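Novice: Input file: protein.cif. Contents: mmCIF, N, CA and C atoms.
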data_run
loop_
_atom_site.label_atom_id
_atom_site.label_comp_id
_atom_site.auth_asym_id
_atom_site.auth_seq_id
_atom_site.Cartn_x
_atom_site.Cartn_y
_atom_site.Cartn_z
N MET A 1 -35.81 -23.09 36.25
CA MET A 1 -36.41 -21.84 36.65
C MET A 1 -36.73 -21.03 35.40
N ALA A 2 -37.92 -20.53 35.33
CA ALA A 2 -38.36 -19.77 34.17
C ALA A 2 -37.76 -18.37 34.18
N ARG A 3 -37.51 -17.87 32.97
CA ARG A 3 -36.99 -16.51 32.87
C ARG A 3 -38.10 -15.51 33.12
N THR A 4 -37.72 -14.42 33.74
CA THR A 4 -38.71 -13.37 33.98
C THR A 4 -38.41 -12.21 33.06
N LYS A 5 -39.42 -11.43 32.81
CA LYS A 5 -39.28 -10.28 31.93
C LYS A 5 -38.50 -9.19 32.66
N SER A 6 -37.55 -8.58 31.97
CA SER A 6 -36.78 -7.52 32.63
C SER A 6 -37.64 -6.28 32.80
N GLY A 7 -37.29 -5.44 33.74
CA GLY A 7 -38.07 -4.25 34.04
C GLY A 7 -37.75 -3.06 33.16
N LYS A 8 -37.09 -3.28 32.04
CA LYS A 8 -36.73 -2.16 31.18
C LYS A 8 -37.95 -1.64 30.44
N THR A 9 -38.01 -0.34 30.34
CA THR A 9 -39.07 0.26 29.56
C THR A 9 -38.49 0.67 28.21
N GLY A 10 -39.33 1.16 27.33
CA GLY A 10 -38.89 1.57 26.00
C GLY A 10 -37.84 2.66 26.08
N GLY A 11 -36.83 2.57 25.25
CA GLY A 11 -35.76 3.55 25.27
C GLY A 11 -36.22 4.91 24.79
N GLY A 12 -35.80 5.94 25.49
CA GLY A 12 -36.15 7.30 25.10
C GLY A 12 -35.25 7.76 23.97
N LYS A 13 -35.63 8.86 23.34
CA LYS A 13 -34.81 9.39 22.25
C LYS A 13 -33.63 10.15 22.82
N ARG A 14 -32.48 9.96 22.21
CA ARG A 14 -31.30 10.71 22.61
C ARG A 14 -31.21 11.96 21.75
N SER A 15 -30.70 13.00 22.32
CA SER A 15 -30.57 14.22 21.53
C SER A 15 -29.37 14.09 20.60
N ALA A 16 -29.40 14.85 19.52
CA ALA A 16 -28.32 14.81 18.55
C ALA A 16 -27.03 15.36 19.15
N LEU A 17 -27.16 16.23 20.15
CA LEU A 17 -25.97 16.80 20.78
C LEU A 17 -25.18 15.72 21.50
N GLN A 18 -25.88 14.76 22.12
CA GLN A 18 -25.18 13.66 22.81
C GLN A 18 -24.53 12.72 21.80
N ASP A 19 -25.09 12.65 20.61
CA ASP A 19 -24.55 11.76 19.60
C ASP A 19 -23.31 12.32 18.92
N VAL A 20 -23.06 13.62 19.08
CA VAL A 20 -21.89 14.23 18.46
C VAL A 20 -20.67 13.88 19.31
N VAL A 21 -19.74 13.14 18.69
CA VAL A 21 -18.55 12.67 19.42
C VAL A 21 -17.39 12.57 18.45
N THR A 22 -16.17 12.67 19.00
CA THR A 22 -14.96 12.55 18.20
C THR A 22 -14.06 11.51 18.86
N ARG A 23 -13.60 10.54 18.07
CA ARG A 23 -12.70 9.50 18.58
C ARG A 23 -11.54 9.30 17.62
N GLU A 24 -10.42 8.86 18.16
CA GLU A 24 -9.26 8.51 17.34
C GLU A 24 -9.07 7.00 17.39
N TYR A 25 -8.91 6.41 16.21
CA TYR A 25 -8.73 4.97 16.07
C TYR A 25 -7.46 4.69 15.28
N THR A 26 -6.87 3.52 15.52
CA THR A 26 -5.82 2.99 14.67
C THR A 26 -6.44 1.86 13.86
N ILE A 27 -6.35 1.97 12.53
CA ILE A 27 -6.91 0.94 11.66
C ILE A 27 -5.76 0.12 11.10
N HIS A 28 -5.84 -1.19 11.27
CA HIS A 28 -4.82 -2.10 10.76
C HIS A 28 -5.16 -2.46 9.32
N LEU A 29 -4.64 -1.68 8.39
CA LEU A 29 -4.97 -1.87 6.98
C LEU A 29 -4.33 -3.12 6.39
N HIS A 30 -3.20 -3.53 6.94
CA HIS A 30 -2.46 -4.66 6.35
C HIS A 30 -3.31 -5.92 6.32
N LYS A 31 -4.08 -6.15 7.39
CA LYS A 31 -4.91 -7.35 7.41
C LYS A 31 -6.16 -7.18 6.55
N LEU A 32 -6.56 -5.94 6.29
CA LEU A 32 -7.75 -5.71 5.47
C LEU A 32 -7.47 -5.85 3.98
N VAL A 33 -6.23 -5.55 3.55
CA VAL A 33 -5.90 -5.65 2.12
C VAL A 33 -5.11 -6.91 1.82
N HIS A 34 -4.92 -7.77 2.82
CA HIS A 34 -4.15 -9.00 2.61
C HIS A 34 -4.84 -9.89 1.57
N GLY A 35 -4.07 -10.32 0.60
CA GLY A 35 -4.61 -11.20 -0.43
C GLY A 35 -5.29 -10.47 -1.57
N ARG A 36 -5.42 -9.18 -1.46
CA ARG A 36 -6.05 -8.37 -2.51
C ARG A 36 -5.03 -8.17 -3.62
N SER A 37 -5.46 -8.18 -4.86
CA SER A 37 -4.52 -8.00 -5.97
C SER A 37 -3.94 -6.59 -5.92
N PHE A 38 -2.73 -6.45 -6.43
CA PHE A 38 -1.96 -5.21 -6.26
C PHE A 38 -2.69 -3.99 -6.79
N LYS A 39 -3.34 -4.09 -7.90
CA LYS A 39 -3.97 -2.92 -8.50
C LYS A 39 -5.27 -2.51 -7.79
N LYS A 40 -5.70 -3.30 -6.81
CA LYS A 40 -6.93 -2.98 -6.11
C LYS A 40 -6.70 -2.66 -4.63
N ARG A 41 -5.44 -2.63 -4.20
CA ARG A 41 -5.16 -2.47 -2.78
C ARG A 41 -5.54 -1.11 -2.21
N ALA A 42 -5.12 -0.03 -2.85
CA ALA A 42 -5.44 1.31 -2.33
C ALA A 42 -6.95 1.60 -2.39
N PRO A 43 -7.63 1.29 -3.51
CA PRO A 43 -9.07 1.49 -3.49
C PRO A 43 -9.79 0.66 -2.43
N TRP A 44 -9.31 -0.55 -2.20
CA TRP A 44 -9.89 -1.41 -1.18
C TRP A 44 -9.63 -0.84 0.22
N ALA A 45 -8.45 -0.24 0.42
CA ALA A 45 -8.13 0.37 1.71
C ALA A 45 -9.06 1.55 1.99
N VAL A 46 -9.35 2.34 0.96
CA VAL A 46 -10.27 3.46 1.12
C VAL A 46 -11.65 2.95 1.51
N LYS A 47 -12.12 1.91 0.83
CA LYS A 47 -13.42 1.32 1.15
C LYS A 47 -13.43 0.72 2.55
N SER A 48 -12.29 0.15 2.97
CA SER A 48 -12.19 -0.44 4.30
C SER A 48 -12.27 0.62 5.39
N VAL A 49 -11.66 1.78 5.15
CA VAL A 49 -11.73 2.88 6.13
C VAL A 49 -13.18 3.37 6.24
N VAL A 50 -13.86 3.48 5.11
CA VAL A 50 -15.26 3.91 5.12
C VAL A 50 -16.13 2.90 5.86
N ASP A 51 -15.91 1.60 5.61
CA ASP A 51 -16.67 0.56 6.30
C ASP A 51 -16.40 0.58 7.81
N PHE A 52 -15.12 0.78 8.18
CA PHE A 52 -14.76 0.84 9.59
C PHE A 52 -15.47 2.01 10.26
N ALA A 53 -15.47 3.17 9.59
CA ALA A 53 -16.14 4.35 10.15
C ALA A 53 -17.64 4.13 10.27
N ARG A 54 -18.21 3.48 9.27
CA ARG A 54 -19.65 3.21 9.28
C ARG A 54 -20.01 2.30 10.46
N LYS A 55 -19.21 1.26 10.70
CA LYS A 55 -19.51 0.33 11.78
C LYS A 55 -19.26 0.94 13.15
N SER A 56 -18.15 1.66 13.30
CA SER A 56 -17.78 2.16 14.62
C SER A 56 -18.60 3.38 15.04
N MET A 57 -19.03 4.20 14.08
CA MET A 57 -19.79 5.40 14.43
C MET A 57 -21.29 5.23 14.20
N GLY A 58 -21.72 4.24 13.47
CA GLY A 58 -23.13 3.97 13.31
C GLY A 58 -23.85 4.91 12.37
N THR A 59 -23.13 5.51 11.43
CA THR A 59 -23.77 6.38 10.44
C THR A 59 -23.52 5.82 9.05
N THR A 60 -24.48 5.99 8.16
CA THR A 60 -24.28 5.50 6.80
C THR A 60 -23.56 6.53 5.94
N ASP A 61 -23.64 7.80 6.32
CA ASP A 61 -22.99 8.88 5.57
C ASP A 61 -21.59 9.10 6.13
N VAL A 62 -20.56 8.67 5.39
CA VAL A 62 -19.17 8.82 5.81
C VAL A 62 -18.44 9.66 4.77
N ARG A 63 -17.75 10.70 5.23
CA ARG A 63 -17.00 11.58 4.34
C ARG A 63 -15.53 11.54 4.71
N LEU A 64 -14.68 11.36 3.69
CA LEU A 64 -13.24 11.28 3.91
C LEU A 64 -12.59 12.62 3.65
N ASP A 65 -11.65 12.98 4.52
CA ASP A 65 -10.85 14.17 4.32
C ASP A 65 -9.88 13.92 3.17
N PRO A 66 -9.62 14.90 2.31
CA PRO A 66 -8.66 14.69 1.21
C PRO A 66 -7.26 14.32 1.69
N LYS A 67 -6.85 14.81 2.86
CA LYS A 67 -5.53 14.45 3.41
C LYS A 67 -5.48 12.97 3.79
N LEU A 68 -6.58 12.41 4.25
CA LEU A 68 -6.64 10.98 4.55
C LEU A 68 -6.52 10.17 3.28
N ASN A 69 -7.21 10.61 2.23
CA ASN A 69 -7.12 9.93 0.94
C ASN A 69 -5.69 9.99 0.40
N GLN A 70 -5.04 11.14 0.54
CA GLN A 70 -3.65 11.27 0.09
C GLN A 70 -2.72 10.36 0.90
N ALA A 71 -2.98 10.24 2.21
CA ALA A 71 -2.14 9.38 3.05
C ALA A 71 -2.30 7.91 2.65
N LEU A 72 -3.51 7.51 2.28
CA LEU A 72 -3.73 6.12 1.86
C LEU A 72 -3.05 5.83 0.51
N TRP A 73 -3.04 6.82 -0.38
CA TRP A 73 -2.48 6.65 -1.72
C TRP A 73 -1.02 7.10 -1.82
N ALA A 74 -0.40 7.56 -0.73
CA ALA A 74 0.92 8.18 -0.78
C ALA A 74 2.00 7.25 -1.35
N ARG A 75 1.89 5.96 -1.07
CA ARG A 75 2.92 5.02 -1.53
C ARG A 75 2.48 4.24 -2.76
N GLY A 76 1.44 4.74 -3.43
CA GLY A 76 1.01 4.10 -4.66
C GLY A 76 -0.16 3.17 -4.44
N VAL A 77 -0.57 2.52 -5.53
CA VAL A 77 -1.76 1.69 -5.50
C VAL A 77 -1.51 0.37 -4.78
N LYS A 78 -0.28 -0.15 -4.83
CA LYS A 78 -0.07 -1.49 -4.28
C LYS A 78 0.64 -1.51 -2.93
N SER A 79 1.21 -0.39 -2.50
CA SER A 79 1.97 -0.38 -1.25
C SER A 79 1.26 0.48 -0.21
N VAL A 80 0.13 0.00 0.26
CA VAL A 80 -0.68 0.71 1.23
C VAL A 80 0.00 0.66 2.60
N PRO A 81 -0.06 1.73 3.42
CA PRO A 81 0.53 1.67 4.77
C PRO A 81 -0.10 0.55 5.60
N HIS A 82 0.72 -0.05 6.47
CA HIS A 82 0.22 -1.16 7.28
C HIS A 82 -0.84 -0.71 8.27
N ARG A 83 -0.61 0.44 8.89
CA ARG A 83 -1.58 0.98 9.85
C ARG A 83 -1.77 2.46 9.55
N ILE A 84 -2.92 2.98 9.98
CA ILE A 84 -3.19 4.40 9.82
C ILE A 84 -4.03 4.85 11.02
N ARG A 85 -3.72 6.03 11.50
CA ARG A 85 -4.46 6.61 12.63
C ARG A 85 -5.47 7.61 12.08
N VAL A 86 -6.74 7.41 12.42
CA VAL A 86 -7.79 8.28 11.90
C VAL A 86 -8.58 8.89 13.05
N LYS A 87 -9.06 10.10 12.81
CA LYS A 87 -9.96 10.78 13.74
C LYS A 87 -11.34 10.76 13.11
N LEU A 88 -12.28 10.12 13.80
CA LEU A 88 -13.65 10.02 13.30
C LEU A 88 -14.53 10.95 14.12
N GLU A 89 -15.17 11.89 13.42
CA GLU A 89 -16.03 12.87 14.07
C GLU A 89 -17.47 12.64 13.61
N ARG A 90 -18.34 12.36 14.56
CA ARG A 90 -19.76 12.25 14.24
C ARG A 90 -20.35 13.65 14.40
N LYS A 91 -20.87 14.18 13.29
CA LYS A 91 -21.37 15.56 13.28
C LYS A 91 -22.83 15.61 12.88
N ARG A 92 -23.46 16.74 13.21
CA ARG A 92 -24.83 16.96 12.81
C ARG A 92 -24.89 17.40 11.37
N ASN A 93 -25.85 16.87 10.62
CA ASN A 93 -26.03 17.22 9.22
C ASN A 93 -27.03 18.37 9.14
N ASP A 94 -26.54 19.56 8.73
CA ASP A 94 -27.39 20.74 8.70
C ASP A 94 -28.00 21.00 7.32
N ASP A 95 -27.81 20.09 6.38
CA ASP A 95 -28.39 20.27 5.05
C ASP A 95 -29.91 20.18 5.12
N GLU A 96 -30.55 20.86 4.19
CA GLU A 96 -32.02 20.88 4.18
C GLU A 96 -32.62 19.51 3.87
N GLY A 97 -32.22 18.91 2.75
CA GLY A 97 -32.82 17.65 2.33
C GLY A 97 -32.00 16.44 2.74
N ALA A 98 -31.41 16.45 3.93
CA ALA A 98 -30.54 15.35 4.34
C ALA A 98 -31.37 14.13 4.75
N LYS A 99 -30.94 12.96 4.28
CA LYS A 99 -31.61 11.72 4.66
C LYS A 99 -31.27 11.36 6.10
N GLU A 100 -30.00 11.52 6.45
CA GLU A 100 -29.53 11.20 7.80
C GLU A 100 -29.32 12.49 8.58
N LYS A 101 -29.56 12.45 9.89
CA LYS A 101 -29.34 13.67 10.66
C LYS A 101 -27.91 13.77 11.18
N LEU A 102 -27.14 12.68 11.07
CA LEU A 102 -25.74 12.68 11.48
C LEU A 102 -24.88 12.13 10.36
N TYR A 103 -23.64 12.60 10.29
CA TYR A 103 -22.67 12.03 9.36
C TYR A 103 -21.33 11.91 10.06
N THR A 104 -20.43 11.11 9.49
CA THR A 104 -19.10 10.91 10.06
C THR A 104 -18.07 11.51 9.13
N TYR A 105 -17.15 12.30 9.72
CA TYR A 105 -16.05 12.91 8.96
C TYR A 105 -14.76 12.26 9.42
N ALA A 106 -14.06 11.60 8.50
CA ALA A 106 -12.83 10.89 8.83
C ALA A 106 -11.63 11.70 8.36
N SER A 107 -10.69 11.94 9.26
CA SER A 107 -9.48 12.69 8.91
C SER A 107 -8.25 11.94 9.42
N HIS A 108 -7.10 12.28 8.84
CA HIS A 108 -5.85 11.59 9.14
C HIS A 108 -5.16 12.25 10.33
N VAL A 109 -4.60 11.42 11.22
CA VAL A 109 -3.81 11.89 12.35
C VAL A 109 -2.39 11.38 12.15
N VAL A 110 -1.44 12.28 12.08
CA VAL A 110 -0.04 11.91 11.87
C VAL A 110 0.57 11.52 13.22
N VAL A 111 1.13 10.30 13.28
CA VAL A 111 1.81 9.83 14.49
C VAL A 111 3.18 9.30 14.11
N THR A 112 4.11 9.36 15.06
CA THR A 112 5.46 8.85 14.80
C THR A 112 5.52 7.35 14.98
N SER A 113 4.77 6.82 15.95
CA SER A 113 4.76 5.39 16.22
C SER A 113 3.36 4.96 16.60
N PHE A 114 3.01 3.72 16.25
CA PHE A 114 1.71 3.17 16.59
C PHE A 114 1.75 2.35 17.88
N LYS A 115 2.90 2.32 18.54
CA LYS A 115 3.05 1.52 19.76
C LYS A 115 2.21 2.10 20.89
N ASN A 116 1.51 1.23 21.60
CA ASN A 116 0.73 1.56 22.79
C ASN A 116 -0.34 2.62 22.56
N LEU A 117 -0.86 2.73 21.35
CA LEU A 117 -1.95 3.67 21.09
C LEU A 117 -3.28 2.96 21.33
N GLN A 118 -4.17 3.64 21.99
CA GLN A 118 -5.51 3.12 22.26
C GLN A 118 -6.52 3.98 21.56
N THR A 119 -7.75 3.49 21.48
CA THR A 119 -8.83 4.32 20.98
C THR A 119 -9.09 5.40 22.03
N ALA A 120 -9.11 6.66 21.57
CA ALA A 120 -9.23 7.78 22.50
C ALA A 120 -10.39 8.67 22.08
N VAL A 121 -11.14 9.13 23.08
CA VAL A 121 -12.19 10.10 22.84
C VAL A 121 -11.56 11.48 22.90
N VAL A 122 -11.73 12.25 21.84
CA VAL A 122 -11.13 13.58 21.75
C VAL A 122 -12.17 14.60 22.20
N ASP A 123 -11.73 15.55 23.03
CA ASP A 123 -12.66 16.60 23.48
C ASP A 123 -13.06 17.47 22.32
N ALA A 124 -14.27 17.96 22.34
CA ALA A 124 -14.76 18.84 21.28
C ALA A 124 -13.99 20.14 21.31
N GLU A 125 -13.62 20.60 20.13
CA GLU A 125 -12.81 21.81 20.06
C GLU A 125 -13.66 23.02 19.80
#
Step by step, read the file and then write its structure as structure tokens.

Specialist:
Amino acid sequence: MARTKSGKTGGGKRSALQDVVTREYTIHLHKLVHGRSFKKRAPWAVKSVVDFARKSMGTTDVRLDPKLNQALWARGVKSVPHRIRVKLERKRNDDEGAKEKLYTYASHVVVTSFKNLQTAVVDAE
């Protein structure tokens, strides 16, 4: 039986307001820095968080909160935390000469345990 063309029409444009969203993720850093040499582990973890944010939020402009950077580097260059909980906020870029109209702001969420945590959509504050 031959395939038929689906009845979908061209996708309409979504407004930037619908694209603004905040989610909390747990990133398993241990598997991302596994096998990395000791002096490159923390820098690699920072790059891995940026890559994760880029893939999950779909923006090329990712900005890290200084507290998140401190949390990644807290135990030194070679002893990166196994997991980290981050809040990723997709925001509108209000700069005049901005290439992208949206950017992602990644911040650290302090948790006591990572057990049974799921990805959660956070209500806009």

Novice: Pick from A:Leu102, A:Ser48, A:Arg23, A:Asp94: nearest to A:Asp61, with only N, CA and C atoms counted?

Specialist: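 Between A:Leu102, A:Ser48, A:Arg23, A:Asp94, the residue approaching A:Asp61 most closely is A:Leu102.
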
Novice: Under the rule that only C-alpha atoms are counted, which of A:Val121, A:Leu88, A:Val21, A:Ala98 is the nearest residue to A:Val49?

Specialist: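 Of A:Val121, A:Leu88, A:Val21, A:Ala98, the one nearest A:Val49, counting only C-alpha atoms, is A:Leu88.
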
Novice: For the interface of stretch 6-83 of chain A with stretch 104-107 of chain A (cut-off 10 Å, counting only C-alpha atoms), please tabulate each contacting residue of stretch 6-83 of chain A alongside its nearest pair of atoms and their separation in Å to one decimal, rows sorted by chain and increasing number, as CSV.

Specialist:
residue,atom,partner,partner_atom,distance
A:Val20,CA,A:Thr104,CA,9.5
A:Val21,CA,A:Thr104,CA,9.5
A:Thr22,CA,A:Thr104,CA,9.3
A:Arg23,CA,A:Ala106,CA,9.8
A:Glu24,CA,A:Ser107,CA,9.4
A:Val49,CA,A:Ala106,CA,8.5
A:Val50,CA,A:Ala106,CA,8.3
A:Ala53,CA,A:Thr104,CA,7.2
A:Arg54,CA,A:Thr104,CA,7.8
A:Ser56,CA,A:Thr104,CA,10.0
A:Met57,CA,A:Thr104,CA,7.1
A:Gly58,CA,A:Thr104,CA,8.7
A:Thr59,CA,A:Thr104,CA,6.5
A:Thr60,CA,A:Thr104,CA,8.2
A:Asp61,CA,A:Thr104,CA,6.3
A:Val62,CA,A:Thr104,CA,4.7
A:Arg63,CA,A:Tyr105,CA,4.9
A:Leu64,CA,A:Ala106,CA,5.0
A:Asp65,CA,A:Ser107,CA,5.0
A:Pro66,CA,A:Ser107,CA,8.0
A:Lys67,CA,A:Ser107,CA,7.0
A:Leu68,CA,A:Ser107,CA,5.5
A:Asn69,CA,A:Ser107,CA,8.8
A:Ala71,CA,A:Ser107,CA,10.0

Novice: Which is closer to A:His82 than all the others in A:Phe114, A:Tyr103, A:Phe38, A:Tyr25, using only C-alpha atoms?

Specialist: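 Between A:Phe114, A:Tyr103, A:Phe38, A:Tyr25, the residue approaching A:His82 most closely is A:Phe114.
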
Novice: Which distance in Å separates atom CA of A:His28 and atom C of A:Lys91, to one decimal?

Specialist: 25.3 Å

Novice: Which residue is closest to A:Thr26? Choose from A:Lys101, A:Arg75, A:Lys40, A:His108 and count only C-alpha atoms.

Specialist: A:His108

Novice: Pull the strand (DSSP E or B) assignments for chain A out of DSSP run on the backbone, and list those residues as number ranges by chain.

Specialist: A: 21-28, 62-64, 83-92, 102-108, 120-122

Novice: With distances taken over all atoms listed in the file, which of A:Lys87, A:Pro43, A:Asn93, A:Asp51 is nearest to A:Leu72?

Specialist: A:Pro43

Novice: Find the distance between atom CA of A:Val33 and atom CA of A:Lys55 and write it in Å to one decimal.

Specialist: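 Rounded to one decimal, the two atoms are 17.7 Å apart.
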
Novice: As an exercise, work out the distance from atom CA of A:His34 to atom CA of A:Val86 in Å and give it to one decimal place.

Specialist: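 Interatomic distance, atom CA of A:His34 to atom CA of A:Val86: 20.0 Å.
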
Novice: Please reconstruct the missing atoms of stretch 79-89 of chain A (target: all heavy atoms) and return them as a short mmCIF file (atom, residue, chain, number, x, y, z; two decimals), in the coordinates of the input.

Specialist:
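As written to disk, out.cif reads:
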data_model
loop_
_atom_site.label_atom_id
_atom_site.label_comp_id
_atom_site.auth_asym_id
_atom_site.auth_seq_id
_atom_site.Cartn_x
_atom_site.Cartn_y
_atom_site.Cartn_z
N SER A 79 1.21 -0.39 -2.50
CA SER A 79 1.97 -0.38 -1.25
C SER A 79 1.26 0.48 -0.21
O SER A 79 1.73 1.54 0.17
CB SER A 79 3.38 0.15 -1.53
OG SER A 79 4.14 0.16 -0.37
N VAL A 80 0.13 0.00 0.26
CA VAL A 80 -0.68 0.71 1.23
C VAL A 80 0.00 0.66 2.60
O VAL A 80 0.61 -0.37 2.93
CB VAL A 80 -2.09 0.07 1.29
CG1 VAL A 80 -2.96 0.69 2.34
CG2 VAL A 80 -2.75 0.16 -0.07
N PRO A 81 -0.06 1.73 3.42
CA PRO A 81 0.53 1.67 4.77
C PRO A 81 -0.10 0.55 5.60
O PRO A 81 -1.28 0.24 5.45
CB PRO A 81 0.19 3.03 5.38
CG PRO A 81 -0.35 3.87 4.31
CD PRO A 81 -0.67 3.02 3.14
N HIS A 82 0.72 -0.05 6.47
CA HIS A 82 0.22 -1.16 7.28
C HIS A 82 -0.84 -0.71 8.27
O HIS A 82 -1.82 -1.41 8.51
CB HIS A 82 1.37 -1.83 8.04
CG HIS A 82 2.21 -2.70 7.15
ND1 HIS A 82 2.82 -3.83 7.60
CD2 HIS A 82 2.54 -2.60 5.84
CE1 HIS A 82 3.49 -4.40 6.59
NE2 HIS A 82 3.34 -3.66 5.52
N ARG A 83 -0.61 0.44 8.89
CA ARG A 83 -1.58 0.98 9.85
C ARG A 83 -1.77 2.46 9.55
O ARG A 83 -0.90 3.11 9.00
CB ARG A 83 -1.07 0.83 11.28
CG ARG A 83 -1.14 -0.57 11.80
CD ARG A 83 -0.58 -0.65 13.21
NE ARG A 83 -0.75 -1.96 13.77
CZ ARG A 83 0.07 -2.98 13.53
NH1 ARG A 83 1.11 -2.81 12.74
NH2 ARG A 83 -0.15 -4.15 14.07
N ILE A 84 -2.92 2.98 9.98
CA ILE A 84 -3.19 4.40 9.82
C ILE A 84 -4.03 4.85 11.02
O ILE A 84 -4.88 4.10 11.50
CB ILE A 84 -3.87 4.72 8.48
CG1 ILE A 84 -3.77 6.19 8.18
CG2 ILE A 84 -5.29 4.24 8.44
CD1 ILE A 84 -3.92 6.51 6.72
N ARG A 85 -3.72 6.03 11.50
CA ARG A 85 -4.46 6.61 12.63
C ARG A 85 -5.47 7.61 12.08
O ARG A 85 -5.11 8.50 11.32
CB ARG A 85 -3.48 7.31 13.57
CG ARG A 85 -4.08 7.81 14.86
CD ARG A 85 -4.20 6.72 15.88
NE ARG A 85 -4.60 7.26 17.18
CZ ARG A 85 -4.99 6.53 18.19
NH1 ARG A 85 -5.02 5.21 18.07
NH2 ARG A 85 -5.34 7.09 19.31
N VAL A 86 -6.74 7.41 12.42
CA VAL A 86 -7.79 8.28 11.90
C VAL A 86 -8.58 8.89 13.05
O VAL A 86 -8.74 8.30 14.11
CB VAL A 86 -8.76 7.54 10.95
CG1 VAL A 86 -8.07 7.10 9.69
CG2 VAL A 86 -9.42 6.38 11.63
N LYS A 87 -9.06 10.10 12.81
CA LYS A 87 -9.96 10.78 13.74
C LYS A 87 -11.34 10.76 13.11
O LYS A 87 -11.53 11.26 12.00
CB LYS A 87 -9.49 12.21 13.99
CG LYS A 87 -10.40 12.98 14.93
CD LYS A 87 -9.78 14.27 15.40
CE LYS A 87 -9.70 15.26 14.29
NZ LYS A 87 -9.32 16.61 14.73
N LEU A 88 -12.28 10.12 13.80
CA LEU A 88 -13.65 10.02 13.30
C LEU A 88 -14.53 10.95 14.12
O LEU A 88 -14.61 10.83 15.34
CB LEU A 88 -14.16 8.58 13.42
CG LEU A 88 -13.40 7.53 12.64
CD1 LEU A 88 -14.01 6.16 12.86
CD2 LEU A 88 -13.36 7.85 11.17
N GLU A 89 -15.17 11.89 13.42
CA GLU A 89 -16.03 12.87 14.07
C GLU A 89 -17.47 12.64 13.61
O GLU A 89 -17.74 12.70 12.42
CB GLU A 89 -15.62 14.29 13.70
CG GLU A 89 -14.18 14.62 14.01
CD GLU A 89 -13.79 15.97 13.46
OE1 GLU A 89 -14.27 16.99 13.99
OE2 GLU A 89 -13.01 15.99 12.49
#
